[in-house]
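Colleague: Structure file work31.txt (compact mmCIF, C-alpha atoms) is given on the next line.
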# COMPACT_ATOMS: atom_id res chain seq x y z
CA MET A 1 0.00 0.00 0.00
CA SER A 2 1.57 3.31 -1.07
CA GLN A 3 2.01 6.16 1.39
CA GLU A 4 -0.27 8.45 -0.63
CA TRP A 5 -3.01 5.82 -0.93
CA SER A 6 -2.83 5.14 2.80
CA ARG A 7 -3.12 8.83 3.54
CA ARG A 8 -6.17 9.21 1.30
CA LYS A 9 -7.87 6.21 2.90
CA LEU A 10 -7.09 7.54 6.36
CA LEU A 11 -8.59 10.95 5.62
CA GLY A 12 -11.68 9.49 3.99
CA ALA A 13 -12.42 7.04 6.79
CA ALA A 14 -11.67 9.52 9.56
CA ALA A 15 -14.07 12.03 8.09
CA GLY A 16 -16.75 9.41 7.62
CA VAL A 17 -17.54 10.69 4.14
CA GLY A 18 -16.42 9.94 0.61
CA THR A 19 -13.66 11.94 -1.00
CA GLY A 20 -16.19 13.81 -3.09
CA CYS A 21 -17.62 15.42 0.06
CA PHE A 22 -14.48 17.39 0.82
CA THR A 23 -15.64 20.30 -1.34
CA ARG A 24 -17.56 22.80 0.75
CA PRO A 25 -21.12 23.03 -0.60
CA VAL A 26 -22.95 26.24 -1.37
CA LEU A 27 -25.59 26.54 1.34
CA ALA A 28 -28.81 28.43 0.88
CA GLN A 29 -29.17 29.18 4.60
CA SER A 30 -25.83 30.10 6.11
CA GLY A 31 -24.11 33.02 7.75
CA GLY A 32 -25.73 35.57 10.04
CA GLY A 33 -29.38 34.50 9.99
CA VAL A 34 -29.29 30.87 11.11
CA LEU A 35 -29.82 31.40 14.83
CA GLU A 36 -32.59 33.93 14.21
CA ARG A 37 -34.31 31.46 11.87
CA LEU A 38 -34.18 28.78 14.54
CA ARG A 39 -35.52 31.16 17.18
CA LYS A 40 -38.48 32.02 14.96
CA ALA A 41 -39.15 28.34 14.34
CA GLY A 42 -38.73 27.49 18.02
CA SER A 43 -36.94 24.27 17.12
CA VAL A 44 -33.62 22.94 15.84
CA LYS A 45 -33.03 19.78 13.80
CA ILE A 46 -30.16 17.65 15.06
CA GLY A 47 -28.59 14.54 13.63
CA ILE A 48 -27.66 11.87 16.15
CA ALA A 49 -26.32 8.32 16.10
CA ASN A 50 -27.79 5.26 17.76
CA ALA A 51 -24.82 5.08 20.09
CA PRO A 52 -25.70 5.21 23.79
CA PRO A 53 -24.52 6.78 26.04
CA TYR A 54 -23.31 9.40 23.53
CA SER A 55 -26.66 9.79 21.75
CA SER A 56 -29.82 7.78 21.12
CA LEU A 57 -33.59 8.04 20.83
CA LYS A 58 -35.94 7.04 23.63
CA PRO A 59 -38.96 4.86 22.73
CA ASP A 60 -41.12 8.00 22.58
CA GLY A 61 -38.77 9.55 20.01
CA THR A 62 -37.10 12.11 22.26
CA PRO A 63 -33.31 12.34 22.07
CA ASP A 64 -31.17 11.07 24.93
CA GLY A 65 -27.47 10.79 25.73
CA VAL A 66 -24.57 13.10 26.47
CA ALA A 67 -24.59 15.19 23.31
CA PRO A 68 -28.35 15.78 22.94
CA SER A 69 -28.59 16.64 26.65
CA ILE A 70 -25.95 19.34 26.32
CA VAL A 71 -27.32 20.63 23.02
CA LYS A 72 -30.81 20.88 24.52
CA VAL A 73 -29.65 23.00 27.46
CA VAL A 74 -27.60 25.32 25.25
CA MET A 75 -30.29 25.79 22.63
CA GLU A 76 -32.97 26.49 25.25
CA ARG A 77 -30.76 29.29 26.57
CA LEU A 78 -30.40 30.59 23.03
CA GLY A 79 -34.17 30.77 22.69
CA VAL A 80 -34.72 27.52 20.78
CA PRO A 81 -36.63 25.19 23.14
CA LYS A 82 -37.37 22.16 20.93
CA LEU A 83 -35.03 19.50 19.52
CA GLU A 84 -36.11 17.51 16.47
CA ALA A 85 -33.74 14.54 16.29
CA SER A 86 -33.22 11.93 13.61
CA THR A 87 -30.72 9.08 13.61
CA ALA A 88 -28.14 8.17 11.01
CA PRO A 89 -24.79 6.33 10.87
CA TYR A 90 -21.74 8.43 11.69
CA GLY A 91 -20.65 8.28 8.07
CA GLN A 92 -23.80 10.16 7.01
CA MET A 93 -23.57 12.89 9.62
CA ILE A 94 -21.42 15.42 7.79
CA PRO A 95 -23.06 14.97 4.38
CA GLY A 96 -26.45 15.29 6.08
CA LEU A 97 -25.38 18.50 7.80
CA GLN A 98 -24.06 19.95 4.57
CA ALA A 99 -27.22 18.97 2.72
CA GLY A 100 -29.40 20.73 5.32
CA ARG A 101 -31.02 17.60 6.78
CA TRP A 102 -30.16 18.97 10.22
CA ASP A 103 -28.82 22.21 11.68
CA ILE A 104 -26.40 20.63 14.16
CA ILE A 105 -24.70 17.27 14.49
CA GLY A 106 -25.62 16.36 18.05
CA ALA A 107 -24.06 12.89 17.94
CA SER A 108 -20.87 13.60 19.90
CA MET A 109 -18.72 13.23 16.78
CA SER A 110 -15.07 12.32 17.34
CA VAL A 111 -12.67 15.09 16.41
CA SER A 112 -10.27 14.30 13.56
CA LYS A 113 -8.11 16.50 11.35
CA ALA A 114 -10.11 15.53 8.28
CA ARG A 115 -13.41 16.40 9.95
CA CYS A 116 -12.03 19.70 11.21
CA GLU A 117 -11.62 20.73 7.56
CA LEU A 118 -15.31 20.09 6.89
CA VAL A 119 -17.17 21.27 10.00
CA ARG A 120 -16.66 23.39 13.10
CA PHE A 121 -16.51 21.48 16.36
CA ALA A 122 -17.75 22.93 19.62
CA ASP A 123 -15.46 22.57 22.62
CA PRO A 124 -15.29 18.87 23.59
CA PHE A 125 -18.28 17.35 25.35
CA THR A 126 -16.29 14.24 26.22
CA ILE A 127 -12.83 12.74 25.91
CA ASP A 128 -12.98 9.00 25.53
CA HIS A 129 -10.84 5.94 24.85
CA ASN A 130 -11.30 2.92 22.59
CA ALA A 131 -11.66 -0.63 23.82
CA VAL A 132 -11.95 -4.10 22.28
CA ALA A 133 -14.98 -6.34 22.78
CA TYR A 134 -14.60 -10.10 22.34
CA ILE A 135 -16.15 -13.43 23.40
CA PRO A 136 -13.57 -15.51 25.34
CA SER A 137 -14.90 -18.83 24.07
CA VAL A 138 -14.44 -17.59 20.51
CA LEU A 139 -11.23 -15.63 20.98
CA PRO A 140 -9.33 -16.59 24.16
CA ASP A 141 -6.43 -14.24 23.41
CA PRO A 142 -7.71 -10.99 21.85
CA PRO A 143 -5.39 -8.32 20.42
CA HIS A 144 -4.08 -6.03 23.16
CA SER A 145 -3.20 -3.13 20.87
CA ILE A 146 -4.19 -1.67 17.51
CA ALA A 147 -0.82 -2.62 16.03
CA GLU A 148 -1.21 -6.23 17.21
CA THR A 149 -4.55 -6.68 15.43
CA PRO A 150 -3.25 -7.57 11.93
CA VAL A 151 -0.56 -9.82 13.48
CA LYS A 152 -3.21 -11.94 15.22
CA ASN A 153 -5.20 -12.02 11.98
CA VAL A 154 -8.58 -11.57 13.69
CA THR A 155 -11.71 -10.16 12.11
CA ILE A 156 -12.76 -6.72 13.32
CA GLY A 157 -16.08 -4.93 13.61
CA VAL A 158 -16.38 -1.13 13.61
CA THR A 159 -19.25 1.34 13.26
CA ALA A 160 -19.81 3.19 9.99
CA GLY A 161 -17.81 6.39 9.77
CA SER A 162 -15.80 5.55 12.88
CA TYR A 163 -12.29 6.99 13.17
CA VAL A 164 -11.27 3.56 14.50
CA GLN A 165 -11.56 2.19 10.97
CA ALA A 166 -8.96 4.66 9.73
CA PHE A 167 -6.54 3.73 12.51
CA LEU A 168 -6.94 0.03 11.78
CA GLU A 169 -6.42 0.50 8.06
CA ALA A 170 -3.32 2.55 8.80
CA VAL A 171 -1.65 -0.43 10.53
CA GLN A 172 -1.99 -2.55 7.39
CA THR A 173 -4.96 -4.74 8.22
CA LYS A 174 -5.60 -7.27 5.46
CA PRO A 175 -8.50 -7.03 2.97
CA GLY A 176 -11.67 -8.49 4.42
CA MET A 177 -10.58 -8.20 8.05
CA ILE A 178 -12.79 -5.18 8.78
CA THR A 179 -16.60 -5.33 8.76
CA VAL A 180 -18.54 -2.09 9.08
CA PHE A 181 -21.82 -1.98 11.03
CA PRO A 182 -24.31 0.92 10.99
CA ASP A 183 -24.27 1.57 14.76
CA GLY A 184 -23.14 0.29 18.16
CA PRO A 185 -26.03 -2.11 18.85
CA SER A 186 -25.68 -3.77 15.44
CA LEU A 187 -21.90 -3.96 15.98
CA ILE A 188 -22.43 -6.01 19.14
CA GLU A 189 -25.11 -8.13 17.46
CA GLY A 190 -22.51 -8.93 14.82
CA LEU A 191 -20.00 -9.90 17.50
CA LEU A 192 -22.50 -12.14 19.31
CA ALA A 193 -23.53 -13.74 16.00
CA LYS A 194 -19.81 -14.47 15.40
CA ARG A 195 -19.69 -12.44 12.23
CA VAL A 196 -16.56 -10.82 13.68
CA GLN A 197 -14.16 -11.86 16.43
CA THR A 198 -13.60 -8.39 17.86
CA ALA A 199 -15.46 -5.09 18.04
CA PHE A 200 -13.62 -1.78 18.40
CA THR A 201 -15.43 1.29 19.75
CA GLY A 202 -15.51 3.66 22.74
CA VAL A 203 -15.17 1.99 26.12
CA LEU A 204 -18.25 3.60 27.65
CA ALA A 205 -20.40 2.55 24.71
CA LEU A 206 -19.14 -1.01 25.12
CA ARG A 207 -19.81 -1.00 28.86
CA THR A 208 -23.37 0.22 28.24
CA LEU A 209 -23.97 -2.43 25.57
CA ARG A 210 -22.43 -5.20 27.70
CA GLU A 211 -24.86 -4.38 30.50
CA LEU A 212 -27.76 -4.51 28.04
CA LYS A 213 -26.55 -7.91 26.80
CA ASN A 214 -26.18 -9.42 30.30
CA ASN A 215 -22.38 -9.49 30.13
CA ALA A 216 -22.36 -11.70 27.04
CA PHE A 217 -18.92 -10.46 26.01
CA GLU A 218 -15.71 -9.19 27.59
CA ILE A 219 -13.87 -5.90 27.13
CA PHE A 220 -10.12 -5.38 26.84
CA TYR A 221 -9.14 -1.91 28.06
CA PRO A 222 -7.03 0.22 27.93
CA ILE A 223 -5.44 -0.09 24.50
CA PRO A 224 -1.83 1.15 24.93
CA ASP A 225 -1.35 2.57 21.43
CA ASP A 226 -4.67 4.41 21.39
CA GLY A 227 -4.80 8.00 22.61
CA LEU A 228 -7.52 10.27 23.92
CA HIS A 229 -10.34 11.14 21.54
CA ALA A 230 -12.35 14.32 21.97
CA SER A 231 -15.91 14.42 20.68
CA SER A 232 -18.50 17.15 20.40
CA ALA A 233 -21.29 18.73 18.38
CA CYS A 234 -20.57 19.96 14.85
CA PHE A 235 -21.72 22.95 12.82
CA ARG A 236 -21.49 24.02 9.19
CA LEU A 237 -18.45 26.18 8.52
CA ASP A 238 -20.57 29.14 7.43
CA ASP A 239 -23.02 29.08 10.35
CA THR A 240 -20.88 31.44 12.40
CA ASP A 241 -23.66 33.14 14.36
CA LEU A 242 -25.09 29.84 15.59
CA TYR A 243 -21.66 28.41 16.33
CA ASP A 244 -20.39 31.49 18.20
CA ALA A 245 -23.54 31.77 20.32
CA PHE A 246 -23.41 28.05 21.13
CA GLN A 247 -19.78 28.30 22.20
CA VAL A 248 -20.47 31.22 24.53
CA GLU A 249 -23.21 29.35 26.38
CA PHE A 250 -21.39 26.02 26.45
CA ARG A 251 -18.23 27.62 27.84
CA LYS A 252 -20.31 29.04 30.67
CA MET A 253 -21.50 25.51 31.40
CA ARG A 254 -17.97 24.16 31.37
CA LYS A 255 -16.74 26.91 33.66
CA SER A 256 -19.57 26.46 36.17
CA GLY A 257 -19.24 22.66 36.27
CA GLU A 258 -22.72 22.15 34.81
CA ALA A 259 -21.37 20.39 31.72
CA GLU A 260 -19.30 18.03 33.84
CA ARG A 261 -22.36 17.12 35.91
CA ILE A 262 -24.35 16.32 32.76
CA VAL A 263 -21.70 14.01 31.30
CA ALA A 264 -21.27 12.33 34.70
CA ARG A 265 -24.92 11.20 34.53
CA PHE A 266 -23.95 9.06 31.55
CA GLY A 267 -20.88 7.50 33.14
CA PHE A 268 -18.11 9.85 32.04
CA ASP A 269 -15.46 10.91 34.54
CA MET A 270 -14.09 14.13 33.10
CA LYS A 271 -10.82 14.99 34.80
CA PRO A 272 -10.19 18.73 35.31
CA GLU A 273 -7.36 18.88 32.78
CA TYR A 274 -9.65 17.50 30.06
CA LEU A 275 -11.99 20.44 30.50
CA GLU A 276 -9.15 22.77 29.54
CA VAL A 277 -9.15 21.40 25.98
CA ASP A 278 -11.04 23.72 23.63
CA ALA A 279 -12.11 23.16 20.03
CA ASP A 280 -8.96 24.67 18.52
CA ARG A 281 -6.67 22.49 20.63
CA ALA A 282 -8.77 19.39 19.95
CA CYS A 283 -8.43 19.92 16.20
CA ALA A 284 -4.73 20.80 16.44
CA GLU A 285 -3.92 17.61 18.38
CA ALA A 286 -6.28 15.30 16.48
CA THR A 287 -5.01 12.59 14.18
Take the structure I supplied and represent it as structure tokens, if you would.

Modeller:
Amino acid sequence: MSQEWSRRKLLGAAAGVGTGCFTRPVLAQSGGGVLERLRKAGSVKIGIANAPPYSSLKPDGTPDGVAPSIVKVVMERLGVPKLEASTAPYGQMIPGLQAGRWDIIGASMSVSKARCELVRFADPFTIDHNAVAYIPSVLPDPPHSIAETPVKNVTIGVTAGSYVQAFLEAVQTKPGMITVFPDGPSLIEGLLAKRVQTAFTGVLALRTLRELKNNAFEIFYPIPDDGLHASSACFRLDDTDLYDAFQVEFRKMRKSGEAERIVARFGFDMKPEYLEVDADRACAEAT
């Protein structure tokens, strides 16, 4: 695999969109009037993933999870009381935002350099780590690092648009080793059905899913060659009024400790130094 081809694959997978989506679209509703439009409507459309505890829909259709909970508080304070949420795989989030399907990505998208070229991230809602799910009777000795995965020659499940896919491809996994699933629940269903031997995703998502599945699988964590991954809401590049207003209110929540209390409800333990990471630093240090 050539260096240039690897780089192009890494950027495409990390962004969760095809290479054709890297051109910024011409948007009919952008710039200074977005927030005012939302205030007049009294509602904001958000795109979320089926990925608890980061984001999900309750049985009654209302959004739940870390990201929607934060977005709801901020938008209420900006004069937009109602969230209209729809779910999609991570790989469809940015194209959907650019196409106007939603006004904000409220799915707690992982920050990557490729994504930072396409959208504007709010300051991080969470900073998370990856983990490996496996069934001991199927795979007694799972890979203990990303680099070890192709050496052990195990099959791998990831969610669509996940940055994990890019990392795995970058360490020369073999063709056919990686299977992409639309969301976290289907990823674990694939693991339990033995379609894949391992599942890579965020550790808190795996812990939530393991509880739902009555501890039907094990988790290896931490992964030594995997770093911290910031995630947050995303905005169109041209929606500066909405983005700036959101940042002002969210930074108040971070400073007061309100944001930390919200994420703690969903199992996140945000250390004080993590809260010092803003959007610019997250993008600068992202892979």

Colleague: For stretch 224-234 of chain A, find every residue with an atom within 8 Å (counting only C-alpha atoms), except residues of its own chain fewer than 5 positions away, and show them as number ranges by chain.

Modeller: A: 67, 71, 104-111, 119-130, 144-147, 282, 286

Colleague: To one decimal place in Å, what is the distance between atom CA of A:Tyr274 and atom CA of A:Gly184?

Modeller: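 Going from atom CA of A:Tyr274 over to atom CA of A:Gly184, I get 24.9 Å.
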
Colleague: Suppose you want the space between atom CA of A:Leu187 and atom CA of A:Ala160; what is it in Å?

Modeller: 9.6 Å

Colleague: With all atoms listed in the file as the atoms that count, which of A:Arg281, A:Lys252, A:Arg210, A:Arg261 lies nearest to A:Leu191?

Modeller: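 Counting all atoms listed in the file, the residue closest to A:Leu191 is A:Arg210.
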
Colleague: So how far away is atom CA of A:Thr173 from atom CA of A:Pro150, in Å?

Modeller: 5.0 Å

Colleague: Is it possible to get the axis-aligned box enclosing stretch 39-42 of chain A (all listed atoms, 8 Å extra per side) as lines of an AutoDock Vina configuration file, with centre and edge lengths in Å rounded to one decimal?

Modeller:
center_x = -37.3
center_y = 29.8
center_z = 16.2
size_x = 19.6
size_y = 20.5
size_z = 19.7

Colleague: Find the spatial neighbours of A:Leu212, counting only C-alpha atoms, within a cut-off of 10 Å - ignore same-chain residues fewer than 5 positions away - and output them as a VMD selection string.

Modeller: chain A and resid 185 206 to 207

Colleague: Nearest to A:Glu169 among A:Ala49, A:Ile156, A:Leu57, A:Val263, with distances taken over only C-alpha atoms: which residue is it?

Modeller: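 For A:Glu169, the nearest of the candidates is A:Ile156.
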
Colleague: What lies within 7 Å of A:Lys113 using all atoms listed in the file, ignoring chain neighbours under 3 positions off, as a list in words?

Modeller: Cys116, Glu117, Cys283, Ala286 and Thr287 of chain A

Colleague: Using only C-alpha atoms, find the one residue out of A:Gln197, A:Ser162, A:Thr208, A:Asn50 that sits nearest to A:Phe266.

Modeller: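 Looking at the shortest contact to A:Phe266, the residue is A:Thr208.
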
Colleague: Name the closest residue to A:Arg265 among the candidates A:Leu83, A:Ala133, A:Val151, A:Ile70; distances are taken between atoms, counting all atoms listed in the file.

Modeller: A:Ile70

Colleague: Using all atoms listed in the file, which of the listed residues (A:Asn214, A:Val158, A:Asp239, A:Leu139) sits closest to A:Gly100?

Modeller: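 Checking each of A:Asn214, A:Val158, A:Asp239, A:Leu139 against A:Gly100, counting all atoms listed in the file, the winner is A:Asp239.
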
Colleague: May I ask which of the residues A:Ala85, A:Ile46, A:Val164, A:Ala245 is the closest one to A:Phe200, counting only C-alpha atoms?

Modeller: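 Smallest separation from A:Phe200 among the options: A:Val164.
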